[in-house]
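Engineer: Below is the file upload16.cif, with mmCIF, C-alpha atoms.
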```
data_coords
#
loop_
_atom_site.label_atom_id
_atom_site.label_comp_id
_atom_site.auth_asym_id
_atom_site.auth_seq_id
_atom_site.Cartn_x
_atom_site.Cartn_y
_atom_site.Cartn_z
CA MET A 1 -10.84 -91.31 -138.72
CA SER A 2 -13.50 -93.74 -137.68
CA VAL A 3 -13.51 -95.38 -134.30
CA ILE A 4 -13.26 -99.17 -134.10
CA LEU A 5 -13.32 -99.66 -130.34
CA GLU A 6 -14.86 -97.56 -127.63
CA CYS A 7 -14.76 -98.52 -123.94
CA ASN A 8 -16.63 -96.27 -121.59
CA ALA A 9 -15.92 -96.53 -117.85
CA LEU A 10 -15.72 -100.33 -117.93
CA SER A 11 -15.53 -102.17 -114.63
CA LYS A 12 -15.23 -105.89 -114.07
CA ARG A 13 -15.13 -107.54 -110.70
CA PHE A 14 -14.11 -111.09 -109.82
CA GLY A 15 -15.11 -111.62 -106.20
CA SER A 16 -13.19 -109.02 -104.25
CA THR A 17 -10.78 -108.26 -107.11
CA LEU A 18 -11.44 -105.35 -109.43
CA ALA A 19 -9.93 -106.57 -112.73
CA LEU A 20 -11.02 -103.47 -114.67
CA ASP A 21 -11.63 -100.23 -112.87
CA ASN A 22 -13.46 -97.42 -114.66
CA PHE A 23 -11.52 -98.16 -117.84
CA SER A 24 -12.12 -95.91 -120.85
CA LEU A 25 -10.38 -96.20 -124.21
CA ARG A 26 -11.04 -95.17 -127.78
CA LEU A 27 -9.16 -96.74 -130.69
CA GLU A 28 -9.25 -95.68 -134.33
CA ARG A 29 -8.96 -97.88 -137.38
CA GLY A 30 -5.62 -98.51 -139.05
CA LYS A 31 -3.44 -98.78 -135.97
CA ILE A 32 -1.23 -101.37 -134.36
CA VAL A 33 -1.80 -100.88 -130.65
CA GLY A 34 0.20 -102.37 -127.79
CA LEU A 35 -1.89 -103.24 -124.73
CA LEU A 36 0.90 -103.18 -122.21
CA GLY A 37 0.81 -104.10 -118.57
CA PRO A 38 2.29 -106.55 -116.09
CA ASN A 39 0.69 -109.90 -115.33
CA GLY A 40 -2.69 -109.47 -113.67
CA SER A 41 -3.20 -105.88 -114.83
CA GLY A 42 -6.44 -106.64 -116.70
CA LYS A 43 -5.24 -107.13 -120.28
CA THR A 44 -6.90 -110.49 -120.82
CA THR A 45 -10.08 -109.37 -119.05
CA LEU A 46 -10.38 -106.44 -121.45
CA ILE A 47 -9.78 -108.66 -124.49
CA LYS A 48 -12.36 -111.16 -123.26
CA ILE A 49 -14.92 -108.38 -122.84
CA ILE A 50 -14.20 -107.16 -126.38
CA ASN A 51 -14.87 -110.70 -127.58
CA GLY A 52 -18.07 -111.11 -125.60
CA LEU A 53 -16.63 -113.85 -123.39
CA LEU A 54 -17.03 -111.75 -120.27
CA VAL A 55 -19.69 -109.21 -119.45
CA PRO A 56 -18.65 -106.04 -117.59
CA ASN A 57 -20.29 -105.18 -114.25
CA ALA A 58 -20.50 -101.54 -115.24
CA GLY A 59 -19.76 -99.31 -118.19
CA GLY A 60 -20.26 -99.74 -121.92
CA ILE A 61 -18.32 -101.06 -124.87
CA THR A 62 -18.87 -100.89 -128.63
CA ILE A 63 -16.98 -102.35 -131.56
CA ALA A 64 -17.62 -100.43 -134.78
CA GLY A 65 -20.61 -98.96 -132.96
CA MET A 66 -22.09 -102.33 -131.90
CA ALA A 67 -22.28 -104.02 -128.51
CA PRO A 68 -20.33 -107.32 -128.37
CA GLY A 69 -22.43 -110.11 -129.89
CA VAL A 70 -22.91 -112.17 -133.03
CA GLU A 71 -22.40 -109.18 -135.31
CA THR A 72 -19.13 -108.12 -133.70
CA LYS A 73 -17.75 -111.67 -133.77
CA ARG A 74 -17.92 -111.43 -137.55
CA ILE A 75 -15.46 -108.54 -137.54
CA VAL A 76 -13.22 -109.35 -134.58
CA SER A 77 -10.46 -111.91 -134.97
CA TYR A 78 -9.24 -113.25 -131.65
CA LEU A 79 -6.08 -115.08 -130.69
CA PRO A 80 -6.57 -116.34 -127.15
CA GLU A 81 -3.77 -116.87 -124.71
CA LYS A 82 -4.24 -120.61 -124.79
CA THR A 83 -4.83 -122.85 -127.76
CA TYR A 84 -8.30 -124.33 -128.09
CA LEU A 85 -7.91 -126.38 -131.26
CA PRO A 86 -8.15 -130.14 -130.61
CA ASP A 87 -4.90 -132.04 -130.99
CA TRP A 88 -6.32 -134.71 -133.29
CA MET A 89 -6.98 -132.15 -136.03
CA LYS A 90 -4.71 -131.88 -139.03
CA VAL A 91 -3.54 -128.39 -139.96
CA SER A 92 -5.75 -128.62 -143.04
CA ASP A 93 -8.73 -129.49 -140.78
CA THR A 94 -8.19 -126.30 -138.80
CA ILE A 95 -8.25 -124.31 -142.01
CA ARG A 96 -11.52 -125.92 -143.08
CA PHE A 97 -12.88 -125.26 -139.60
CA PHE A 98 -12.06 -121.56 -139.80
CA LYS A 99 -13.41 -121.35 -143.34
CA ASP A 100 -16.74 -122.81 -142.17
CA PHE A 101 -16.91 -120.46 -139.22
CA TYR A 102 -15.83 -117.15 -140.68
CA GLU A 103 -17.03 -115.57 -143.90
CA ASP A 104 -13.98 -113.31 -144.03
CA PHE A 105 -11.48 -116.20 -143.86
CA ASP A 106 -9.02 -116.13 -146.74
CA GLU A 107 -8.00 -119.73 -147.35
CA LYS A 108 -5.37 -118.88 -149.93
CA ARG A 109 -3.69 -116.47 -147.56
CA ALA A 110 -3.54 -119.17 -144.91
CA TYR A 111 -2.03 -121.76 -147.26
CA ASP A 112 0.50 -119.23 -148.58
CA MET A 113 1.67 -118.54 -145.05
CA LEU A 114 1.87 -122.23 -144.19
CA HIS A 115 3.88 -122.78 -147.33
CA ARG A 116 6.36 -120.04 -146.40
CA LEU A 117 6.74 -121.74 -143.05
CA ASN A 118 7.44 -125.07 -144.81
CA LEU A 119 4.62 -126.60 -142.86
CA ASP A 120 2.91 -129.67 -144.20
CA PRO A 121 -0.88 -129.13 -143.88
CA SER A 122 -1.48 -132.87 -143.52
CA LYS A 123 0.35 -132.92 -140.16
CA ARG A 124 -1.68 -133.39 -137.03
CA LEU A 125 -1.52 -130.67 -134.38
CA LYS A 126 -0.32 -133.14 -131.77
CA SER A 127 2.84 -133.78 -133.81
CA LEU A 128 3.79 -130.09 -133.83
CA SER A 129 5.99 -128.30 -131.31
CA LYS A 130 4.41 -125.73 -129.02
CA GLY A 131 5.97 -122.86 -131.02
CA THR A 132 4.77 -124.24 -134.36
CA LYS A 133 1.26 -124.74 -132.99
CA GLU A 134 1.24 -121.10 -131.92
CA LYS A 135 2.31 -120.07 -135.40
CA VAL A 136 -0.50 -122.10 -136.96
CA GLN A 137 -3.00 -120.45 -134.66
CA LEU A 138 -1.69 -116.99 -135.53
CA ILE A 139 -1.86 -117.81 -139.25
CA LEU A 140 -5.52 -118.78 -138.83
CA VAL A 141 -6.33 -115.60 -136.95
CA MET A 142 -4.42 -113.31 -139.33
CA SER A 143 -5.95 -114.97 -142.40
CA ARG A 144 -9.29 -113.44 -141.58
CA ARG A 145 -10.01 -110.05 -143.13
CA ALA A 146 -11.26 -108.66 -139.87
CA ASP A 147 -11.72 -105.09 -138.69
CA LEU A 148 -10.25 -105.68 -135.26
CA TYR A 149 -7.64 -108.25 -134.30
CA CYS A 150 -7.10 -109.06 -130.63
CA LEU A 151 -3.87 -110.95 -130.06
CA ASP A 152 -3.46 -111.99 -126.45
CA GLU A 153 0.24 -112.58 -125.71
CA PRO A 154 1.15 -113.76 -129.23
CA ILE A 155 4.88 -113.80 -128.49
CA GLY A 156 4.71 -115.18 -124.95
CA GLY A 157 6.32 -118.57 -125.24
CA VAL A 158 8.28 -118.53 -128.48
CA ASP A 159 11.96 -118.26 -129.39
CA PRO A 160 13.42 -115.13 -131.04
CA ALA A 161 13.26 -116.54 -134.58
CA ALA A 162 9.61 -117.50 -134.14
CA ARG A 163 8.93 -114.10 -132.62
CA ASP A 164 10.35 -112.43 -135.75
CA TYR A 165 8.14 -114.64 -137.90
CA ILE A 166 5.08 -113.68 -135.87
CA LEU A 167 5.80 -109.94 -136.01
CA ASN A 168 6.43 -110.25 -139.72
CA THR A 169 3.12 -112.01 -140.20
CA ILE A 170 1.36 -109.23 -138.32
CA ILE A 171 3.02 -106.44 -140.33
CA THR A 172 2.40 -108.01 -143.72
CA ASN A 173 -1.19 -109.01 -143.11
CA TYR A 174 -2.98 -106.13 -141.56
CA ASP A 175 -4.69 -103.64 -143.82
CA GLU A 176 -5.17 -99.97 -143.25
CA ASN A 177 -8.81 -100.18 -142.18
CA ALA A 178 -8.11 -102.73 -139.51
CA THR A 179 -6.73 -102.26 -136.04
CA ILE A 180 -4.58 -104.79 -134.22
CA ILE A 181 -4.42 -104.96 -130.45
CA ILE A 182 -1.38 -106.86 -129.20
CA SER A 183 -1.35 -107.57 -125.50
CA THR A 184 2.03 -108.31 -123.98
CA HIS A 185 4.46 -107.53 -121.21
CA LEU A 186 7.43 -108.01 -123.56
CA ILE A 187 7.60 -104.40 -124.69
CA ALA A 188 11.11 -104.22 -126.13
CA ASP A 189 10.26 -106.99 -128.59
CA ILE A 190 7.32 -105.24 -130.15
CA GLU A 191 7.72 -101.53 -129.63
CA ASN A 192 9.02 -100.85 -133.15
CA ILE A 193 5.89 -102.20 -134.74
CA LEU A 194 3.43 -100.19 -132.64
CA ASP A 195 1.56 -97.02 -133.61
CA GLU A 196 0.15 -96.51 -130.15
CA ALA A 197 0.81 -97.71 -126.63
CA VAL A 198 -1.84 -98.32 -123.97
CA PHE A 199 -0.52 -98.82 -120.43
CA ILE A 200 -2.82 -100.64 -118.06
CA LYS A 201 -2.11 -100.97 -114.34
CA ALA A 202 -4.35 -102.67 -111.79
CA GLY A 203 -7.30 -102.40 -114.19
CA ARG A 204 -6.87 -98.69 -114.79
CA LEU A 205 -5.74 -96.85 -117.89
CA VAL A 206 -2.42 -95.16 -117.14
CA LEU A 207 -1.45 -93.88 -120.57
CA HIS A 208 -2.66 -93.97 -124.17
CA ALA A 209 -0.45 -92.18 -126.67
CA PRO A 210 1.20 -92.52 -130.08
CA VAL A 211 4.59 -94.19 -129.77
CA ASP A 212 6.31 -91.37 -131.71
CA GLU A 213 4.89 -88.83 -129.29
CA ILE A 214 6.22 -90.80 -126.32
CA HIS A 215 9.68 -90.97 -127.92
CA GLU A 216 9.69 -87.26 -128.59
CA LYS A 217 8.15 -86.03 -125.35
CA GLU A 218 9.78 -88.39 -122.90
CA GLY A 219 12.99 -88.92 -124.85
CA LYS A 220 12.96 -92.58 -123.93
CA SER A 221 11.83 -95.90 -125.29
CA ILE A 222 8.45 -97.38 -124.41
CA ASP A 223 10.27 -100.17 -122.63
CA THR A 224 12.14 -97.71 -120.40
CA LEU A 225 8.97 -95.75 -119.68
CA PHE A 226 7.13 -98.98 -118.88
CA ARG A 227 9.80 -99.97 -116.36
CA GLU A 228 9.43 -96.59 -114.67
CA VAL A 229 5.64 -96.65 -114.55
CA PHE A 230 5.46 -100.23 -113.33
CA ARG A 231 8.43 -100.27 -110.96
CA CYS A 232 7.69 -102.63 -108.11
CA MET B 1 21.85 -107.93 -148.05
CA MET B 2 22.52 -105.38 -145.34
CA GLN B 3 20.83 -105.91 -142.03
CA TRP B 4 18.62 -103.39 -140.32
CA GLU B 5 19.85 -102.50 -136.88
CA LEU B 6 17.59 -100.43 -134.72
CA ASN B 7 18.15 -99.22 -131.20
CA THR B 8 15.84 -97.38 -128.83
CA GLU B 9 18.00 -94.29 -128.43
CA LYS B 10 16.64 -92.37 -131.40
CA PRO B 11 13.26 -92.09 -133.13
CA VAL B 12 12.88 -95.15 -135.31
CA TYR B 13 12.02 -93.27 -138.50
CA LEU B 14 15.29 -91.30 -138.29
CA GLN B 15 17.26 -94.50 -137.93
CA LEU B 16 15.47 -95.90 -140.96
CA VAL B 17 16.32 -92.76 -142.96
CA GLU B 18 20.01 -93.10 -142.01
CA GLN B 19 20.12 -96.78 -142.86
CA ILE B 20 18.49 -96.31 -146.24
CA GLN B 21 20.95 -93.51 -146.94
CA ALA B 22 23.77 -95.89 -146.00
CA LYS B 23 22.37 -98.51 -148.38
CA ILE B 24 22.28 -95.93 -151.18
CA ILE B 25 25.87 -94.87 -150.47
CA ALA B 26 27.10 -98.46 -150.28
CA GLY B 27 25.40 -99.26 -153.57
CA VAL B 28 23.01 -101.82 -152.10
CA TYR B 29 20.38 -99.61 -153.69
CA LYS B 30 21.68 -98.26 -157.01
CA PRO B 31 20.64 -95.03 -158.77
CA GLY B 32 17.26 -95.57 -160.41
CA ASP B 33 16.55 -98.83 -158.53
CA LYS B 34 12.96 -99.61 -157.69
CA LEU B 35 12.36 -99.94 -153.96
CA PRO B 36 10.27 -102.70 -152.41
CA SER B 37 6.84 -101.64 -151.16
CA VAL B 38 6.57 -99.83 -147.83
CA ARG B 39 4.95 -102.88 -146.34
CA ASP B 40 7.72 -105.22 -147.51
CA LEU B 41 10.40 -102.83 -146.28
CA ALA B 42 8.57 -102.54 -142.96
CA ALA B 43 8.43 -106.32 -142.68
CA GLN B 44 12.16 -106.60 -143.48
CA ALA B 45 13.08 -104.01 -140.86
CA MET B 46 10.38 -105.26 -138.43
CA VAL B 47 8.86 -101.84 -137.97
CA ASN B 48 5.40 -100.37 -138.22
CA PRO B 49 4.45 -99.62 -141.85
CA ASN B 50 3.47 -96.06 -140.87
CA THR B 51 6.98 -95.52 -139.49
CA MET B 52 8.53 -96.75 -142.73
CA GLN B 53 6.18 -94.46 -144.64
CA ARG B 54 7.41 -91.54 -142.55
CA ALA B 55 11.04 -92.42 -143.37
CA MET B 56 10.14 -92.52 -147.08
CA THR B 57 8.52 -89.09 -146.84
CA GLU B 58 11.77 -87.71 -145.35
CA LEU B 59 13.85 -89.29 -148.11
CA GLU B 60 11.48 -87.92 -150.73
CA ARG B 61 11.79 -84.46 -149.25
CA ASP B 62 15.57 -84.66 -149.68
CA GLY B 63 15.12 -85.88 -153.25
CA LEU B 64 16.86 -89.20 -152.64
CA VAL B 65 13.72 -91.16 -153.40
CA HIS B 66 10.84 -90.31 -155.67
CA THR B 67 7.44 -91.79 -156.28
CA ASN B 68 5.94 -92.53 -159.62
CA ARG B 69 2.22 -92.80 -159.13
CA THR B 70 1.81 -95.91 -161.22
CA ALA B 71 5.20 -97.60 -161.17
CA GLY B 72 6.21 -97.35 -157.51
CA ARG B 73 9.04 -95.77 -155.58
CA PHE B 74 12.56 -95.33 -156.93
CA ILE B 75 16.04 -94.28 -155.80
CA THR B 76 17.07 -91.04 -157.45
CA SER B 77 19.04 -91.29 -160.71
CA ASP B 78 20.87 -88.08 -159.81
CA GLU B 79 24.38 -89.41 -159.17
CA GLU B 80 25.65 -85.99 -158.18
CA LEU B 81 23.09 -85.91 -155.35
CA ILE B 82 24.24 -89.34 -154.20
CA ARG B 83 27.88 -88.21 -154.33
CA GLN B 84 27.01 -85.21 -152.15
CA LEU B 85 25.15 -87.43 -149.71
CA LYS B 86 28.15 -89.75 -149.52
CA GLU B 87 30.50 -86.88 -148.81
CA LYS B 88 28.24 -85.45 -146.12
CA TYR B 89 27.66 -88.83 -144.51
CA ILE B 90 31.34 -89.77 -144.45
CA THR B 91 32.39 -86.31 -143.24
CA GLU B 92 30.06 -86.68 -140.27
CA ILE B 93 31.43 -90.08 -139.32
CA VAL B 94 35.05 -88.91 -139.62
CA ARG B 95 34.29 -85.76 -137.59
CA ASP B 96 32.79 -87.85 -134.81
CA PHE B 97 35.86 -90.03 -134.85
CA LEU B 98 38.24 -87.05 -134.77
CA ASP B 99 36.32 -85.51 -131.86
CA LYS B 100 36.71 -88.68 -129.86
CA MET B 101 40.42 -88.87 -130.60
CA LYS B 102 40.82 -85.26 -129.56
CA GLN B 103 39.07 -85.99 -126.27
CA LEU B 104 41.64 -88.71 -125.69
CA GLY B 105 44.39 -86.18 -126.32
CA LEU B 106 45.61 -87.59 -129.64
CA GLY B 107 47.12 -85.29 -132.24
CA ARG B 108 46.97 -85.58 -136.02
CA ASP B 109 50.21 -87.56 -136.28
CA ASP B 110 49.14 -90.01 -133.58
CA ILE B 111 45.85 -90.60 -135.35
CA ILE B 112 47.52 -91.17 -138.70
CA SER B 113 50.00 -93.61 -137.24
CA TYR B 114 47.12 -95.55 -135.63
CA LEU B 115 45.27 -95.58 -138.93
CA ASN B 116 48.33 -96.84 -140.77
CA LYS B 117 49.01 -99.52 -138.23
CA LEU B 118 45.43 -100.80 -138.15
CA THR B 119 44.76 -100.69 -141.88
CA GLU B 120 48.00 -102.62 -142.51
CA ASN B 121 46.84 -105.33 -140.15
CA SER B 122 43.46 -105.62 -141.74
CA ASN B 123 44.96 -106.09 -145.23
#
```
Would you mind writing the file out in structure tokens?

Structural biologist:
Amino acid sequence: MSVILECNALSKRFGSTLALDNFSLRLERGKIVGLLGPNGSGKTTLIKIINGLLVPNAGGITIAGMAPGVETKRIVSYLPEKTYLPDWMKVSDTIRFFKDFYEDFDEKRAYDMLHRLNLDPSKRLKSLSKGTKEKVQLILVMSRRADLYCLDEPIGGVDPAARDYILNTIITNYDENATIIISTHLIADIENILDEAVFIKAGRLVLHAPVDEIHEKEGKSIDTLFREVFRC
Amino acid sequence: MMQWELNTEKPVYLQLVEQIQAKIIAGVYKPGDKLPSVRDLAAQAMVNPNTMQRAMTELERDGLVHTNRTAGRFITSDEELIRQLKEKYITEIVRDFLDKMKQLGLGRDDIISYLNKLTENSN
């Protein structure tokens, strides 16, 4: 299987804090991967490095063999923690915006998903609830035919019904050559959709294993294991 | 439509196998029915498509489901096989139940009188 992401002894320092500490990870294509760790463990830092928004102090990183840059932005679809789309935009404006920006954006896919959500594309973002805005953003990100998707806390602030919609959107839209990284601390909600789990603690890799293997070896759910590893 | 109910006690693919078997027994899926795609089933059950694929492989191994390269995936048309599955499935549930009753010290007559009482009420 070909490798989509390779991190080699990454370190990132913010002042006196070591956000990533000698972090190495190798992900193959075709997987849904949970990047799991408590708040402040380095999840967002890692995702920002993958997206070229932060530069590591030490170590190397490649995406499909390339260092983060213009070429990797073409193949990485990123859902940041916070929304960045301006409120005055209509939903249809955001679609045009993404279509202009990304060659791999599938407009039809985006409109199909909006339609299933009964969302009127002529609505302005400022008239939408927080949950609906998050759904729109996820639709935009998942409508790209990317090789690597980085979803930073996609289910953080939404209700259970919206969470189901989001997980459904992820399952139905990824293709077998792409890998999806989902960062979250809400393990129980997503563990059934994961192929692999990555545990990150204080910037260090604690565990990277297939979810089935964890179930079989440890005889417990990922959520239970997480609570043990990260007990305060 | 029957709901999918998954817990974290058992491997997910095994739970999927059991629930698809239950749907076959209950007639939600009828002999010869075409199944939705793995991806659609995975989305319905909210599980990883690879996990659903693994459940399908198990069901295929037992002959309950078969794949036609061009047309898709189907429930077996072998009604005898489904009857056997039903018997095995129900026997297991009843055995579990009887074991629990035995642990509580109930004899056959006690159990039957409970069954009569409760089934009358539910009618």

Engineer: Specify as a list in words each residue included when the PyMOL selection byres ((chain A) within 8 of (chain B)) is applied to this file.

Structural biologist: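 Taken on the displayed file, the PyMOL selection byres ((chain A) within 8 of (chain B)) yields the residues Ile32, Asp164, Leu167, Asn168, Ile171, Thr172, Asn192, Ile193, Leu194, Asp195, Asp212, His215, Glu216, Lys220 and Ser221 of chain A.
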
Engineer: Determine the residue set returned by the PyMOL selection byres ((chain A and resi 14-28) around 6) for the present structure, and present it as a compact mmCIF listing (two decimals) with C-alpha atoms, in the frame of the given file.

Structural biologist:
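Writing done, so here's part08.txt:
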```
# COMPACT_ATOMS: atom_id res chain seq x y z
CA SER A 2 -13.50 -93.74 -137.68
CA VAL A 3 -13.51 -95.38 -134.30
CA ILE A 4 -13.26 -99.17 -134.10
CA LEU A 5 -13.32 -99.66 -130.34
CA GLU A 6 -14.86 -97.56 -127.63
CA CYS A 7 -14.76 -98.52 -123.94
CA ASN A 8 -16.63 -96.27 -121.59
CA ALA A 9 -15.92 -96.53 -117.85
CA LEU A 10 -15.72 -100.33 -117.93
CA SER A 11 -15.53 -102.17 -114.63
CA LYS A 12 -15.23 -105.89 -114.07
CA ARG A 13 -15.13 -107.54 -110.70
CA ARG A 29 -8.96 -97.88 -137.38
CA GLY A 42 -6.44 -106.64 -116.70
CA GLY A 203 -7.30 -102.40 -114.19
CA ARG A 204 -6.87 -98.69 -114.79
CA LEU A 205 -5.74 -96.85 -117.89
```

Engineer: So which residues get picked by the PyMOL selection byres ((chain A and resi 134) around 12) here, written as a JSON list (two decimals) with C-alpha atoms, keeping the file's coordinate frame?

Structural biologist:
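Just written: result22.json:
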```json
[["chain", "number", "residue", "atom", "x", "y", "z"],
["A", 79, "LEU", "CA", -6.08, -115.08, -130.69],
["A", 80, "PRO", "CA", -6.57, -116.34, -127.15],
["A", 81, "GLU", "CA", -3.77, -116.87, -124.71],
["A", 82, "LYS", "CA", -4.24, -120.61, -124.79],
["A", 83, "THR", "CA", -4.83, -122.85, -127.76],
["A", 84, "TYR", "CA", -8.30, -124.33, -128.09],
["A", 85, "LEU", "CA", -7.91, -126.38, -131.26],
["A", 91, "VAL", "CA", -3.54, -128.39, -139.96],
["A", 125, "LEU", "CA", -1.52, -130.67, -134.38],
["A", 128, "LEU", "CA", 3.79, -130.09, -133.83],
["A", 129, "SER", "CA", 5.99, -128.30, -131.31],
["A", 130, "LYS", "CA", 4.41, -125.73, -129.02],
["A", 131, "GLY", "CA", 5.97, -122.86, -131.02],
["A", 132, "THR", "CA", 4.77, -124.24, -134.36],
["A", 133, "LYS", "CA", 1.26, -124.74, -132.99],
["A", 135, "LYS", "CA", 2.31, -120.07, -135.40],
["A", 136, "VAL", "CA", -0.50, -122.10, -136.96],
["A", 137, "GLN", "CA", -3.00, -120.45, -134.66],
["A", 138, "LEU", "CA", -1.69, -116.99, -135.53],
["A", 139, "ILE", "CA", -1.86, -117.81, -139.25],
["A", 140, "LEU", "CA", -5.52, -118.78, -138.83],
["A", 141, "VAL", "CA", -6.33, -115.60, -136.95],
["A", 151, "LEU", "CA", -3.87, -110.95, -130.06],
["A", 152, "ASP", "CA", -3.46, -111.99, -126.45],
["A", 153, "GLU", "CA", 0.24, -112.58, -125.71],
["A", 154, "PRO", "CA", 1.15, -113.76, -129.23],
["A", 155, "ILE", "CA", 4.88, -113.80, -128.49],
["A", 156, "GLY", "CA", 4.71, -115.18, -124.95],
["A", 157, "GLY", "CA", 6.32, -118.57, -125.24],
["A", 158, "VAL", "CA", 8.28, -118.53, -128.48],
["A", 159, "ASP", "CA", 11.96, -118.26, -129.39],
["A", 162, "ALA", "CA", 9.61, -117.50, -134.14],
["A", 163, "ARG", "CA", 8.93, -114.10, -132.62],
["A", 165, "TYR", "CA", 8.14, -114.64, -137.90],
["A", 166, "ILE", "CA", 5.08, -113.68, -135.87]]
```

Engineer: Mind pulling up the distance from CA of Ala146 in chain A to CA of Met89 in chain A?

Structural biologist: 24.2 Å

Engineer: Any idea what the distance is between CA of Gln19 in chain B and CA of Gln53 in chain B?

Structural biologist: 14.2 Å

Engineer: Within 9 Å of range 54-60 of chain B, counting only C-alpha atoms, which residues qualify if same-chain residues fewer than 5 places away don't, as a list of chain:residue names?

Structural biologist: B:Val12, B:Tyr13, B:Leu14, B:Gln15, B:Leu16, B:Val17, B:Ile20, B:Gln21, B:Val38, B:Pro49, B:Val65, B:His66, B:Thr67

Engineer: Once you have the residues from the selection above, write them out as a tab-separated table (two decimals), in the coordinates of the input, restricted to C-alpha atoms.

Structural biologist:
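Writing done, so here's out-v8.tsv:
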```
chain	number	residue	atom	x	y	z
B	12	VAL	CA	12.88	-95.15	-135.31
B	13	TYR	CA	12.02	-93.27	-138.50
B	14	LEU	CA	15.29	-91.30	-138.29
B	15	GLN	CA	17.26	-94.50	-137.93
B	16	LEU	CA	15.47	-95.90	-140.96
B	17	VAL	CA	16.32	-92.76	-142.96
B	20	ILE	CA	18.49	-96.31	-146.24
B	21	GLN	CA	20.95	-93.51	-146.94
B	38	VAL	CA	6.57	-99.83	-147.83
B	49	PRO	CA	4.45	-99.62	-141.85
B	65	VAL	CA	13.72	-91.16	-153.40
B	66	HIS	CA	10.84	-90.31	-155.67
B	67	THR	CA	7.44	-91.79	-156.28
```

Engineer: When you look at range 90-96 of chain B with a cut-off of 12 Å (counting all atoms listed in the file), what residues show up, excluding the ones that are within fewer than 6 positions of it in the same chain? I need them as a ChimeraX atom specification.

Structural biologist: /B:21-22,25-26,83-84,102-103,111

Engineer: So the first atom is CA of Lys99 in chain A and the second is CA of Gly30 in chain A; what is the distance between them in Å, to one decimal place?

Structural biologist: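 Straight-line distance from CA of Lys99 in chain A to CA of Gly30 in chain A works out to 24.5 Å.
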
Engineer: Please report, as AutoDock Vina command-line options, the centre and edge lengths in Å to one decimal of an axis-aligned box covering all listed atoms of range 17-32 of chain B with 6 Å per side.

Structural biologist:
```
--center_x 21.7 --center_y -97.3 --center_z -151.2 --size_x 22.8 --size_y 21.1 --size_z 30.4
```

Engineer: Select all residues near (0.7, -104.3, -114.1) (cut-off 9 Å, inclusive, file coordinates), counting all atoms listed in the file, and output them as number ranges by chain.

Structural biologist: A: 36-42, 185, 199-203, 230

Engineer: Of the residues A:Ile61, A:Val229, A:Leu148, A:Ala110, which is the one nearest to Arg74 in chain A, using only C-alpha atoms?

Structural biologist: A:Leu148

Engineer: Within 10 Å of (-18.1, -111.6, -138.1) (coordinates as in the file), grab all the protein and nucleic acid residues, counting all atoms listed in the file, and write them out as a PyMOL selection string.

Structural biologist: chain A and resi 69-77+101-105+144-147

Engineer: With distances taken over all atoms listed in the file, which of A:Val55, A:Leu114, A:Ile63, A:Ile187 is nearest to Cys150 in chain A?

Structural biologist: A:Ile63

Engineer: Could you tell me which of A:His208, A:Val198, A:Pro68, A:Ile222 comes closest to Lys43 in chain A if we count all atoms listed in the file?

Structural biologist: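 With all atoms listed in the file as the atom set, the closest residue is A:Val198.
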